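A.B. asks: Got my_file-v6.cif for you, mmCIF, C-alpha atoms and all ligand atoms:
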data_query
#
loop_
_atom_site.label_atom_id
_atom_site.label_comp_id
_atom_site.auth_asym_id
_atom_site.auth_seq_id
_atom_site.Cartn_x
_atom_site.Cartn_y
_atom_site.Cartn_z
CA MET A 1 -9.43 -4.09 -18.92
CA ALA A 2 -10.37 -7.77 -19.19
CA SER A 3 -7.62 -9.98 -17.85
CA LYS A 4 -7.06 -13.38 -16.37
CA LEU A 5 -3.70 -12.39 -14.95
CA LEU A 6 -3.05 -12.53 -11.23
CA VAL A 7 -1.34 -9.31 -10.08
CA ASP A 8 -0.04 -8.83 -6.53
CA VAL A 9 -0.01 -5.15 -5.56
CA HIS A 10 0.94 -5.65 -1.90
CA THR A 11 4.25 -7.50 -1.78
CA HIS A 12 7.45 -6.29 -0.19
CA VAL A 13 11.19 -6.54 -0.53
CA TYR A 14 14.05 -5.51 1.72
CA LEU A 15 16.49 -4.74 -1.10
CA PRO A 16 20.04 -5.99 -0.40
CA ARG A 17 21.27 -2.40 0.10
CA TYR A 18 18.48 -1.79 2.62
CA ALA A 19 19.08 -5.09 4.41
CA SER A 20 22.81 -4.18 4.72
CA LEU A 21 21.83 -0.83 6.19
CA LEU A 22 19.65 -2.58 8.79
CA ARG A 23 22.49 -5.03 9.57
CA SER A 24 24.83 -2.11 10.24
CA ARG A 25 22.57 -0.68 12.95
CA SER A 26 22.51 -1.33 16.67
CA SER A 27 19.15 0.28 17.37
CA VAL A 28 15.69 -0.45 15.95
CA PRO A 29 15.13 -0.82 13.03
CA LYS A 30 17.87 -3.41 12.65
CA ILE A 31 18.70 -6.93 11.52
CA VAL A 32 20.49 -8.95 14.21
CA SER A 33 21.98 -12.43 14.27
CA LEU A 34 20.80 -14.76 17.01
CA ASN A 35 21.95 -18.41 17.11
CA ASN A 36 22.90 -18.26 13.42
CA GLN A 37 19.48 -16.95 12.48
CA GLU A 38 18.98 -13.39 11.26
CA ARG A 39 16.08 -11.54 12.86
CA LEU A 40 14.31 -8.40 11.76
CA VAL A 41 13.56 -6.00 14.59
CA ILE A 42 11.49 -3.11 13.27
CA LEU A 43 8.30 -2.53 15.21
CA PRO A 44 8.13 -0.04 18.07
CA ASN A 45 8.64 -1.89 21.38
CA GLU A 46 9.62 -5.24 19.89
CA THR A 47 12.73 -6.85 21.24
CA THR A 48 13.56 -10.10 19.46
CA GLY A 49 11.74 -9.46 16.17
CA ARG A 50 11.07 -12.20 13.66
CA PRO A 51 13.27 -14.61 11.71
CA VAL A 52 14.19 -13.43 8.23
CA GLY A 53 15.98 -14.98 5.28
CA ALA A 54 16.27 -14.93 1.52
CA GLN A 55 12.49 -14.48 1.07
CA TYR A 56 12.99 -10.93 2.27
CA TRP A 57 15.63 -9.81 -0.22
CA ASP A 58 16.30 -12.35 -2.95
CA ARG A 59 14.52 -11.75 -6.25
CA ASP A 60 14.63 -15.44 -7.18
CA GLU A 61 12.72 -16.22 -3.99
CA LYS A 62 10.08 -13.63 -4.90
CA LEU A 63 9.72 -15.23 -8.34
CA LYS A 64 9.52 -18.74 -6.84
CA PHE A 65 6.81 -17.55 -4.46
CA MET A 66 4.94 -16.00 -7.40
CA ASP A 67 5.22 -19.22 -9.43
CA ARG A 68 4.04 -21.32 -6.53
CA HIS A 69 0.89 -19.22 -6.15
CA GLY A 70 0.17 -18.54 -9.81
CA ILE A 71 1.03 -14.85 -9.51
CA ASP A 72 1.91 -13.44 -12.92
CA VAL A 73 2.96 -9.92 -11.94
CA SER A 74 4.03 -8.28 -8.67
CA VAL A 75 4.23 -4.58 -7.92
CA VAL A 76 6.94 -4.74 -5.26
CA SER A 77 7.47 -2.19 -2.50
CA THR A 78 10.20 -1.68 0.09
CA ALA A 79 8.79 -2.68 3.45
CA ASN A 80 8.47 -0.65 6.63
CA PRO A 81 9.96 1.46 8.13
CA TRP A 82 11.37 2.77 4.83
CA LEU A 83 13.72 5.71 5.43
CA ASP A 84 11.99 7.12 8.50
CA PHE A 85 14.99 6.66 10.80
CA LEU A 86 17.58 8.46 8.64
CA THR A 87 18.83 12.05 8.63
CA PRO A 88 17.65 14.21 5.71
CA SER A 89 20.88 13.82 3.75
CA GLU A 90 21.03 10.04 4.39
CA ALA A 91 17.37 9.66 3.47
CA HIS A 92 17.85 11.63 0.27
CA SER A 93 20.83 9.65 -1.02
CA THR A 94 19.41 6.31 0.14
CA ALA A 95 16.06 6.96 -1.56
CA LEU A 96 17.78 7.69 -4.87
CA GLU A 97 19.98 4.58 -4.56
CA LEU A 98 17.11 2.29 -3.57
CA ASN A 99 14.93 3.61 -6.38
CA ASN A 100 17.70 2.77 -8.84
CA ASP A 101 18.11 -0.67 -7.25
CA LEU A 102 14.37 -1.34 -7.49
CA GLU A 103 14.19 -0.20 -11.12
CA GLU A 104 17.02 -2.63 -11.91
CA TYR A 105 15.37 -5.42 -9.85
CA CYS A 106 12.29 -5.04 -12.07
CA SER A 107 13.79 -4.24 -15.45
CA THR A 108 16.30 -7.10 -15.43
CA GLY A 109 13.62 -9.58 -14.30
CA PRO A 110 11.63 -11.84 -16.60
CA ASN A 111 8.67 -10.98 -18.83
CA VAL A 112 5.25 -12.56 -18.43
CA SER A 113 5.44 -15.58 -20.70
CA GLN A 114 1.73 -15.70 -21.46
CA THR A 115 0.86 -14.13 -24.81
CA THR A 116 -1.19 -10.99 -24.26
CA ASN A 117 -2.34 -8.13 -26.42
CA LEU A 118 -0.24 -5.82 -24.25
CA ASP A 119 3.03 -4.35 -25.53
CA VAL A 120 5.50 -5.74 -23.02
CA LEU A 121 4.50 -6.99 -19.64
CA LYS A 122 7.20 -7.64 -17.06
CA ARG A 123 6.70 -9.87 -14.04
CA LEU A 124 8.04 -7.24 -11.65
CA TYR A 125 7.18 -3.59 -11.23
CA GLY A 126 7.85 -1.41 -8.23
CA PHE A 127 6.77 1.34 -5.86
CA GLY A 128 9.69 3.71 -5.27
CA LEU A 129 10.54 5.58 -2.06
CA LEU A 130 10.57 9.26 -1.13
CA PRO A 131 12.94 10.67 1.51
CA LEU A 132 10.07 11.76 3.74
CA VAL A 133 11.78 12.77 6.96
CA PRO A 134 11.54 15.90 9.12
CA GLU A 135 13.46 18.95 7.92
CA ILE A 136 14.27 17.63 4.47
CA SER A 137 13.97 20.21 1.71
CA THR A 138 10.99 20.02 -0.61
CA GLU A 139 13.43 20.03 -3.54
CA SER A 140 15.06 16.82 -2.31
CA VAL A 141 11.69 15.07 -2.14
CA LEU A 142 10.66 16.44 -5.53
CA GLU A 143 13.91 15.11 -7.01
CA ALA A 144 12.89 11.60 -5.91
CA VAL A 145 9.37 12.05 -7.33
CA LYS A 146 10.97 13.02 -10.65
CA GLN A 147 13.35 10.07 -10.51
CA ILE A 148 10.48 7.63 -9.91
CA ALA A 149 8.36 9.21 -12.63
CA GLY A 150 11.22 8.71 -15.07
CA ALA A 151 11.90 5.08 -14.11
CA PRO A 152 9.99 2.90 -16.58
CA HIS A 153 9.21 0.10 -14.12
CA LEU A 154 8.37 2.18 -11.04
CA LYS A 155 4.64 2.86 -11.15
CA GLY A 156 4.17 4.67 -7.87
CA LEU A 157 5.67 5.10 -4.45
CA ILE A 158 5.09 3.60 -1.04
CA MET A 159 4.58 6.01 1.83
CA GLY A 160 4.20 5.65 5.57
CA THR A 161 1.84 7.75 7.63
CA ARG A 162 4.23 10.34 9.10
CA GLY A 163 4.81 12.54 6.07
CA LEU A 164 7.49 15.08 6.95
CA GLY A 165 6.98 14.33 10.63
CA LYS A 166 3.59 15.99 11.07
CA GLY A 167 1.36 13.46 9.32
CA LEU A 168 -0.36 13.51 5.96
CA ASP A 169 -2.49 16.59 6.70
CA ASP A 170 0.60 18.83 6.67
CA GLU A 171 0.30 21.64 4.06
CA ALA A 172 4.07 21.36 3.53
CA LEU A 173 3.24 18.20 1.56
CA ASP A 174 1.17 20.12 -1.01
CA PRO A 175 3.96 20.60 -3.56
CA ILE A 176 4.72 16.88 -3.22
CA TRP A 177 1.08 15.81 -3.72
CA SER A 178 0.98 18.15 -6.69
CA ALA A 179 4.08 16.60 -8.29
CA ILE A 180 2.81 13.07 -7.62
CA GLU A 181 -0.57 13.90 -9.14
CA GLU A 182 1.07 15.50 -12.17
CA ALA A 183 3.34 12.47 -12.68
CA GLU A 184 0.31 10.13 -12.33
CA LEU A 185 2.11 8.02 -9.74
CA VAL A 186 0.07 5.79 -7.42
CA VAL A 187 0.69 6.38 -3.69
CA PHE A 188 0.61 3.14 -1.69
CA LEU A 189 -0.16 4.17 1.89
CA HIS A 190 1.13 1.57 4.35
CA PRO A 191 1.26 1.50 8.17
CA HIS A 192 4.21 0.83 10.44
CA TYR A 193 3.74 2.46 13.85
CA GLY A 194 0.33 1.13 14.86
CA VAL A 195 -1.34 2.93 17.75
CA ASP A 196 -0.34 3.60 21.34
CA SER A 197 0.92 0.22 22.50
CA SER A 198 -0.32 0.75 26.06
CA ALA A 199 -3.66 -0.39 24.63
CA TRP A 200 -2.18 -3.89 24.19
CA GLY A 201 -1.98 -4.74 27.88
CA GLU A 202 0.64 -6.93 29.52
CA LYS A 203 0.01 -10.38 28.05
CA ASP A 204 2.43 -11.63 25.41
CA ASN A 205 0.26 -11.90 22.29
CA GLY A 206 3.18 -11.92 19.86
CA HIS A 207 2.62 -9.54 16.94
CA VAL A 208 -1.15 -10.14 16.81
CA LEU A 209 -2.47 -6.91 18.33
CA PRO A 210 -0.15 -4.44 16.54
CA LEU A 211 -0.55 -6.20 13.18
CA ALA A 212 -4.26 -7.09 13.28
CA LEU A 213 -5.49 -3.90 14.98
CA GLY A 214 -2.72 -1.31 15.26
CA PHE A 215 -1.71 -1.35 11.57
CA PRO A 216 -5.24 -0.93 10.17
CA PHE A 217 -6.09 1.75 12.69
CA GLU A 218 -2.95 3.69 11.84
CA THR A 219 -3.97 3.64 8.16
CA THR A 220 -7.50 4.69 9.08
CA THR A 221 -6.25 7.70 11.05
CA ALA A 222 -3.75 8.80 8.41
CA ALA A 223 -6.24 8.57 5.52
CA THR A 224 -8.92 10.34 7.55
CA ARG A 225 -6.60 13.21 8.42
CA LEU A 226 -5.64 13.50 4.76
CA ILE A 227 -9.31 13.66 3.74
CA LEU A 228 -10.13 16.17 6.50
CA SER A 229 -7.32 18.48 5.38
CA GLY A 230 -8.87 18.75 1.91
CA VAL A 231 -6.05 17.03 0.02
CA PHE A 232 -8.55 15.39 -2.36
CA ASP A 233 -10.27 18.74 -2.97
CA ARG A 234 -6.93 20.33 -3.90
CA PHE A 235 -5.57 17.29 -5.77
CA PRO A 236 -8.61 15.46 -7.15
CA ARG A 237 -6.56 13.30 -9.53
CA LEU A 238 -4.36 11.90 -6.76
CA ARG A 239 -4.49 8.10 -6.73
CA LEU A 240 -4.13 6.64 -3.26
CA LEU A 241 -4.00 2.88 -2.63
CA LEU A 242 -4.63 1.98 1.03
CA ALA A 243 -3.11 -1.13 2.58
CA HIS A 244 -5.23 -3.83 4.23
CA SER A 245 -8.47 -2.80 2.52
CA GLY A 246 -8.39 0.66 4.04
CA GLY A 247 -8.08 -0.48 7.65
CA THR A 248 -11.30 0.38 9.41
CA LEU A 249 -12.18 3.41 7.29
CA PRO A 250 -14.94 1.70 5.25
CA GLN A 251 -16.64 0.55 8.46
CA LEU A 252 -16.41 4.03 10.01
CA SER A 253 -17.08 6.25 7.01
CA SER A 254 -20.71 7.11 7.75
CA ARG A 255 -19.85 7.81 11.38
CA LEU A 256 -17.02 10.03 10.15
CA ALA A 257 -19.46 11.85 7.83
CA SER A 258 -21.88 12.39 10.69
CA CYS A 259 -19.17 13.68 13.04
CA ILE A 260 -18.07 16.15 10.35
CA ASP A 261 -21.65 17.34 9.79
CA HIS A 262 -22.07 18.01 13.48
CA ASP A 263 -18.76 19.72 14.05
CA PRO A 264 -18.75 23.51 13.82
CA VAL A 265 -15.00 23.57 13.07
CA VAL A 266 -15.13 21.16 10.13
CA ALA A 267 -18.71 21.11 8.82
CA THR A 268 -18.16 23.50 5.90
CA ARG A 269 -14.53 22.73 5.18
CA LEU A 270 -14.80 20.02 2.54
CA LYS A 271 -16.38 20.11 -0.91
CA HIS A 272 -18.07 16.73 -0.45
CA ASP A 273 -19.51 14.40 2.16
CA ALA A 274 -16.78 12.17 3.69
CA ARG A 275 -18.31 9.13 1.99
CA TYR A 276 -17.59 10.65 -1.41
CA TYR A 277 -13.84 10.57 -0.71
CA LEU A 278 -14.00 6.86 0.09
CA GLY A 279 -14.94 6.33 -3.54
CA LYS A 280 -11.77 8.06 -4.68
CA LEU A 281 -9.57 5.56 -2.87
CA TYR A 282 -8.14 2.31 -4.15
CA LEU A 283 -7.98 -0.46 -1.57
CA ASP A 284 -6.03 -3.68 -1.64
CA ALA A 285 -8.03 -6.86 -1.12
CA VAL A 286 -5.84 -8.03 1.77
CA ALA A 287 -8.76 -8.61 4.17
CA TYR A 288 -8.74 -12.45 4.32
CA GLY A 289 -12.57 -12.78 4.19
CA SER A 290 -15.20 -12.60 1.46
CA GLU A 291 -17.79 -10.86 3.66
CA GLU A 292 -15.31 -8.08 4.42
CA LEU A 293 -14.44 -7.65 0.74
CA GLY A 294 -18.14 -7.51 -0.18
CA PHE A 295 -18.82 -4.92 2.49
CA VAL A 296 -15.86 -2.76 1.44
CA SER A 297 -16.93 -2.82 -2.21
CA ASP A 298 -20.47 -1.76 -1.23
CA VAL A 299 -19.04 1.21 0.67
CA LEU A 300 -16.90 2.21 -2.33
CA ALA A 301 -19.83 1.76 -4.71
CA ARG A 302 -22.12 4.22 -2.98
CA ALA A 303 -19.62 7.10 -3.07
CA GLY A 304 -21.14 8.83 -6.08
CA ARG A 305 -24.36 9.41 -4.16
CA TYR A 306 -22.46 11.73 -1.85
CA GLU A 307 -21.12 14.10 -4.46
CA LYS A 308 -22.34 17.46 -3.14
CA GLY A 309 -24.67 19.29 -5.46
CA ALA A 310 -25.28 16.24 -7.63
CA HIS A 311 -28.75 14.68 -7.70
CA GLN A 312 -28.82 10.98 -7.21
CA GLU A 313 -29.80 10.31 -10.84
CA THR A 314 -26.96 12.38 -12.29
CA ALA A 315 -24.28 11.56 -9.74
CA THR A 316 -21.46 9.32 -10.85
CA VAL A 317 -22.61 6.27 -8.92
CA ARG A 318 -20.11 3.52 -9.52
CA SER A 319 -21.43 0.31 -10.95
CA ALA A 320 -19.18 -1.70 -8.69
CA GLY A 321 -16.86 -0.75 -5.85
CA SER A 322 -14.86 -3.84 -6.76
CA ASP A 323 -13.28 -1.85 -9.61
CA ARG A 324 -11.14 -0.10 -6.96
CA MET A 325 -9.99 -3.24 -5.16
CA LEU A 326 -6.79 -5.12 -5.95
CA PHE A 327 -5.35 -8.48 -4.93
CA GLY A 328 -2.34 -8.52 -2.59
CA THR A 329 -0.40 -10.98 -0.44
CA ASP A 330 1.82 -8.99 1.99
CA HIS A 331 4.67 -11.39 1.10
CA PRO A 332 7.19 -12.08 2.65
CA PHE A 333 5.22 -11.44 5.83
CA PHE A 334 2.79 -14.05 7.20
CA PRO A 335 4.70 -17.18 6.12
CA PRO A 336 3.12 -20.48 7.18
CA LEU A 337 4.23 -21.70 10.61
CA SER A 338 4.96 -25.15 9.23
CA ALA A 339 5.93 -26.14 5.69
CA THR A 340 3.06 -26.13 3.19
CA GLU A 341 3.01 -26.02 -0.59
CA LYS A 342 0.97 -22.81 -0.67
CA TRP A 343 0.87 -20.06 1.91
CA ARG A 344 -2.39 -19.90 3.83
CA SER A 345 -2.25 -16.08 3.84
CA VAL A 346 -2.33 -16.12 0.03
CA VAL A 347 -4.91 -18.88 -0.38
CA GLU A 348 -7.27 -17.14 2.05
CA ASN A 349 -7.11 -13.89 0.14
CA LEU A 350 -7.71 -15.69 -3.18
CA ASP A 351 -10.62 -17.68 -1.71
CA ALA A 352 -12.07 -14.47 -0.28
CA ILE A 353 -12.15 -12.88 -3.75
CA GLU A 354 -13.64 -16.03 -5.30
CA ASN A 355 -16.47 -16.21 -2.75
CA VAL A 356 -17.76 -12.63 -2.57
CA GLN A 357 -21.55 -12.72 -2.95
CA GLY A 358 -22.65 -10.38 -5.70
CA TRP A 359 -19.35 -10.10 -7.55
CA SER A 360 -19.57 -11.37 -11.13
CA ALA A 361 -16.83 -13.51 -12.69
CA ALA A 362 -15.61 -10.36 -14.42
CA ASP A 363 -15.51 -8.42 -11.13
CA LYS A 364 -13.39 -11.18 -9.58
CA ASP A 365 -10.99 -11.25 -12.55
CA ALA A 366 -10.69 -7.48 -12.25
CA VAL A 367 -9.83 -7.63 -8.55
CA ARG A 368 -7.33 -10.45 -9.21
CA GLY A 369 -5.52 -8.52 -11.95
CA GLY A 370 -7.45 -6.32 -14.38
CA ASN A 371 -7.81 -3.40 -11.98
CA ALA A 372 -4.07 -3.40 -11.33
CA LEU A 373 -3.25 -3.41 -15.04
CA SER A 374 -5.49 -0.35 -15.47
CA LEU A 375 -4.40 1.49 -12.33
CA PHE A 376 -0.69 1.11 -13.07
CA LYS A 377 -1.13 1.26 -16.85
CA LEU A 378 0.91 -1.93 -17.05
CA GLY A 379 2.05 -3.15 -20.41
CA SER A 380 1.65 0.23 -22.06
CA LYS A 381 5.25 1.41 -21.60
CA ALA A 382 8.52 -0.26 -20.62
N1 LIG B 1 4.53 -6.87 9.29
C1 LIG B 1 5.22 -5.78 8.94
O1 LIG B 1 6.09 -5.32 9.65
N2 LIG B 1 4.96 -5.21 7.78
C2 LIG B 1 4.04 -5.68 6.95
O2 LIG B 1 3.87 -5.11 5.89
C3 LIG B 1 3.32 -6.81 7.34
C4 LIG B 1 3.58 -7.39 8.51
ZN ZN B 2 2.52 -4.83 3.91
#
Kindly present the structure from the file in structure tokens form.
C.D. replies:
Amino acid sequence: MASKLLVDVHTHVYLPRYASLLRSRSSVPKIVSLNNQERLVILPNETTGRPVGAQYWDRDEKLKFMDRHGIDVSVVSTANPWLDFLTPSEAHSTALELNNDLEEYCSTGPNVSQTTNLDVLKRLYGFGLLPLVPEISTESVLEAVKQIAGAPHLKGLIMGTRGLGKGLDDEALDPIWSAIEEAELVVFLHPHYGVDSSAWGEKDNGHVLPLALGFPFETTTAATRLILSGVFDRFPRLRLLLAHSGGTLPQLSSRLASCIDHDPVVATRLKHDARYYLGKLYLDAVAYGSEELGFVSDVLARAGRYEKGAHQETATVRSAGSDRMLFGTDHPFFPPLSATEKWRSVVENLDAIENVQGWSAADKDAVRGGNALSLFKLGSKA
């Protein structure tokens, strides 16, 4: 769909109800007050956390941020660690409440003022939440899928990497994948736990190692396990959007394919070569560099060549991998360290899209907004 709109698909909110829940807690995750400044303490092993304020929960602040950066539409998601720390009954009721809150956050927000040929386009849409915690009943999770599917402004759901406690290759998730596929909801897969922090050594490097390396590697592992368990063979219409341009999966996909081919346990398990499944993914364009974006789109573009049983000429080779990549900011995270008009984290991601060698003007417009309008079918209902 041709579009000049800028759509942010990776942008978070700690809804007021969720922020209150974190304030009420004395163990991580929590919000604490230190010298009159609230701090968010959420990551494993962190002690003092990071300063937080209205940017994290106030809708007006989200809209101001969008205006400042020329963002027309945001698809907003609750940030990590979602409901992972709650009991099944708490997670169930909190998911339903937060989904209602997010639907209201979006539906009572403004419309895009620009005239478009779309029916109605709001400025805010959302990814709902599922109560994915150990020992919850499948029915409780399916109730939340149904709730999200019926909420006009919720276009998908955000999910961490733990599933029901055993990861995303757990067969117990099959009825949930099935319901999500049937409801045509987009799953936004987002990291929180990183990898074993003993790898980070003893030096104080702030949040750099867990965020720059741990987060993307967590996403890589979770998506790989999902692929290896055959989820895409069983649910081929599932639409999965990976955070941070798929972590390191694009870089490692041929190595993964080779390891599968040489492994007697796994070699015949999947219908396709691992590289084929890469082409089924949607990736945000939160990579901060044009070379990385170009590389990732090349990896996505070649997927059709790896459809088993298809000859190269007849395989569904994609014309451009960029049609599966979508602009994001990760707001309210990565604020500038000193006051600037525009956030560097946003400008870098926009510049990266603008400067990819080999992307046409239309490809760039699609990554900035057109792909999101198609993926989320924005403007067609609501
Ligand atoms: N830090 C987080 O904890 N979450 C994000 O999504 C980004 C940075
Ligand atoms: Zn994020």
A.B. asks: Please report the interatomic distance between atom CA of Arg237 of chain A and atom CA of Pro131 of chain A in Å with one decimal.
C.D. replies: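 Atom CA of Pro131 of chain A lies 22.6 Å from atom CA of Arg237 of chain A.
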A.B. asks: Would you kindly return, as number ranges by chain, each protein, DNA or RNA residue with an atom no farther than 9 Å from any atom of Leu102 of chain A, considering only C-alpha atoms and excluding same-chain residues fewer than 5 positions away?
C.D. replies: A: 15, 76-78, 97, 107, 125-128, 153-154
A.B. asks: List all protein, DNA and RNA residues that have any atom at most 10 Å from ligand ZN 2 (chain B), counting only C-alpha atoms and all ligand atoms, and write the list as a count of residues only.
C.D. replies: 26
A.B. asks: For atom CA of Asp365 of chain A and atom CA of Leu5 of chain A, quote the distance in Å rounded to one decimal.
C.D. replies: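 Atom CA of Asp365 of chain A sits 7.8 Å away from atom CA of Leu5 of chain A.
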A.B. asks: So for segment 291-301 of chain A, what box centre and size do we get, axis-aligned, 3 Å extra on each of the six sides, every listed atom, Å to one decimal, as AutoDock Vina command-line options?
C.D. replies:
--center_x -17.5 --center_y -4.3 --center_z -0.1 --size_x 12.0 --size_y 19.1 --size_z 15.1
A.B. asks: Please work out which residues fall within 12 Å of (-8.5, 12.8, 2.9), coordinates as given in the file, with only C-alpha atoms counting, and return them as an mmCIF file with C-alpha atoms, keeping the file's coordinate frame.
C.D. replies:
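Just written: selection17.cif:
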data_model
loop_
_atom_site.group_PDB
_atom_site.id
_atom_site.type_symbol
_atom_site.label_atom_id
_atom_site.label_comp_id
_atom_site.auth_asym_id
_atom_site.auth_seq_id
_atom_site.Cartn_x
_atom_site.Cartn_y
_atom_site.Cartn_z
ATOM 1 C CA GLY A 167 1.360 13.460 9.320
ATOM 2 C CA LEU A 168 -0.360 13.510 5.960
ATOM 3 C CA ASP A 169 -2.490 16.590 6.700
ATOM 4 C CA ASP A 170 0.600 18.830 6.670
ATOM 5 C CA THR A 219 -3.970 3.640 8.160
ATOM 6 C CA THR A 220 -7.500 4.690 9.080
ATOM 7 C CA THR A 221 -6.250 7.700 11.050
ATOM 8 C CA ALA A 222 -3.750 8.800 8.410
ATOM 9 C CA ALA A 223 -6.240 8.570 5.520
ATOM 10 C CA THR A 224 -8.920 10.340 7.550
ATOM 11 C CA ARG A 225 -6.600 13.210 8.420
ATOM 12 C CA LEU A 226 -5.640 13.500 4.760
ATOM 13 C CA ILE A 227 -9.310 13.660 3.740
ATOM 14 C CA LEU A 228 -10.130 16.170 6.500
ATOM 15 C CA SER A 229 -7.320 18.480 5.380
ATOM 16 C CA GLY A 230 -8.870 18.750 1.910
ATOM 17 C CA VAL A 231 -6.050 17.030 0.020
ATOM 18 C CA PHE A 232 -8.550 15.390 -2.360
ATOM 19 C CA ASP A 233 -10.270 18.740 -2.970
ATOM 20 C CA ARG A 234 -6.930 20.330 -3.900
ATOM 21 C CA PHE A 235 -5.570 17.290 -5.770
ATOM 22 C CA PRO A 236 -8.610 15.460 -7.150
ATOM 23 C CA LEU A 238 -4.360 11.900 -6.760
ATOM 24 C CA ARG A 239 -4.490 8.100 -6.730
ATOM 25 C CA LEU A 240 -4.130 6.640 -3.260
ATOM 26 C CA LEU A 242 -4.630 1.980 1.030
ATOM 27 C CA LEU A 249 -12.180 3.410 7.290
ATOM 28 C CA SER A 253 -17.080 6.250 7.010
ATOM 29 C CA LEU A 256 -17.020 10.030 10.150
ATOM 30 C CA ARG A 269 -14.530 22.730 5.180
ATOM 31 C CA LEU A 270 -14.800 20.020 2.540
ATOM 32 C CA LYS A 271 -16.380 20.110 -0.910
ATOM 33 C CA HIS A 272 -18.070 16.730 -0.450
ATOM 34 C CA ASP A 273 -19.510 14.400 2.160
ATOM 35 C CA ALA A 274 -16.780 12.170 3.690
ATOM 36 C CA ARG A 275 -18.310 9.130 1.990
ATOM 37 C CA TYR A 276 -17.590 10.650 -1.410
ATOM 38 C CA TYR A 277 -13.840 10.570 -0.710
ATOM 39 C CA LEU A 278 -14.000 6.860 0.090
ATOM 40 C CA GLY A 279 -14.940 6.330 -3.540
ATOM 41 C CA LYS A 280 -11.770 8.060 -4.680
ATOM 42 C CA LEU A 281 -9.570 5.560 -2.870
#
A.B. asks: How far is it from atom CA of Ser20 of chain A to atom CA of Asn45 of chain A, in Å with one decimal?
C.D. replies: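 Distance between the two atoms: 22.0 Å.
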A.B. asks: Taking into account all atoms listed in the file, which residue in the set A:Asp174, A:Asp72, A:Asp58, A:Asp323 is nearest to Leu375 of chain A?
C.D. replies: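 Smallest separation from Leu375 of chain A among the options: A:Asp323.
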A.B. asks: Given all atoms listed in the file as the basis, pick out the residue of A:Lys166, A:Arg39, A:His69, A:Lys377 nearest to Glu184 of chain A.
C.D. replies: A:Lys377
A.B. asks: Which protein, DNA or RNA residues are at most 8 Å from (-4.2, -11.2, -1.1) in the file's coordinates when you count only C-alpha atoms, listed as a ChimeraX atom specification?
C.D. replies: /A:8,10,284-288,327-330,345-350
A.B. asks: Taking 5 positions as the minimum chain separation for residues in the same chain, which residues sit within 6 Å of Val187 of chain A when counting only C-alpha atoms? Answer as a PyMOL selection string.
C.D. replies: chain A and resi 156-158+240-241
A.B. asks: Find the residues around Pro51 of chain A up to 7 Å (all atoms listed in the file counted), leave out those fewer than 4 positions away in its own chain, and share them as a PyMOL selection string.
C.D. replies: chain A and resi 37-40
A.B. asks: Extract segment 18-53 of chain A from the coordinates I pasted, and write it as a tab-separated table (two decimals), in the first residue's frame (atoms kept: C-alpha atoms).
C.D. replies:
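The resulting decode_38.tsv:
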chain	number	residue	atom	x	y	z
A	18	TYR	CA	0.56	-1.19	35.31
A	19	ALA	CA	2.75	1.58	36.72
A	20	SER	CA	0.65	1.52	39.94
A	21	LEU	CA	1.15	-2.23	40.15
A	22	LEU	CA	4.93	-1.77	39.85
A	23	ARG	CA	4.84	0.99	42.50
A	24	SER	CA	3.06	-1.37	44.90
A	25	ARG	CA	5.87	-3.94	44.74
A	26	SER	CA	8.97	-4.30	46.85
A	27	SER	CA	10.78	-6.78	44.61
A	28	VAL	CA	11.82	-6.54	40.96
A	29	PRO	CA	10.01	-5.57	38.77
A	30	LYS	CA	9.13	-2.40	40.66
A	31	ILE	CA	9.04	1.38	40.52
A	32	VAL	CA	10.82	3.00	43.47
A	33	SER	CA	11.27	6.60	44.58
A	34	LEU	CA	14.81	7.80	45.15
A	35	ASN	CA	15.52	11.46	45.99
A	36	ASN	CA	12.13	12.50	44.59
A	37	GLN	CA	12.81	10.71	41.33
A	38	GLU	CA	10.92	7.57	40.34
A	39	ARG	CA	13.08	4.75	39.01
A	40	LEU	CA	12.10	1.68	37.07
A	41	VAL	CA	13.85	-1.48	38.22
A	42	ILE	CA	12.97	-4.33	35.89
A	43	LEU	CA	15.98	-6.12	34.48
A	44	PRO	CA	17.40	-9.23	36.12
A	45	ASN	CA	20.30	-8.23	38.41
A	46	GLU	CA	19.78	-4.48	38.19
A	47	THR	CA	19.69	-2.60	41.43
A	48	THR	CA	19.00	1.11	40.93
A	49	GLY	CA	17.25	0.93	37.55
A	50	ARG	CA	16.64	3.99	35.42
A	51	PRO	CA	14.78	7.27	35.96
A	52	VAL	CA	11.20	7.27	34.69
A	53	GLY	CA	8.52	9.91	34.34
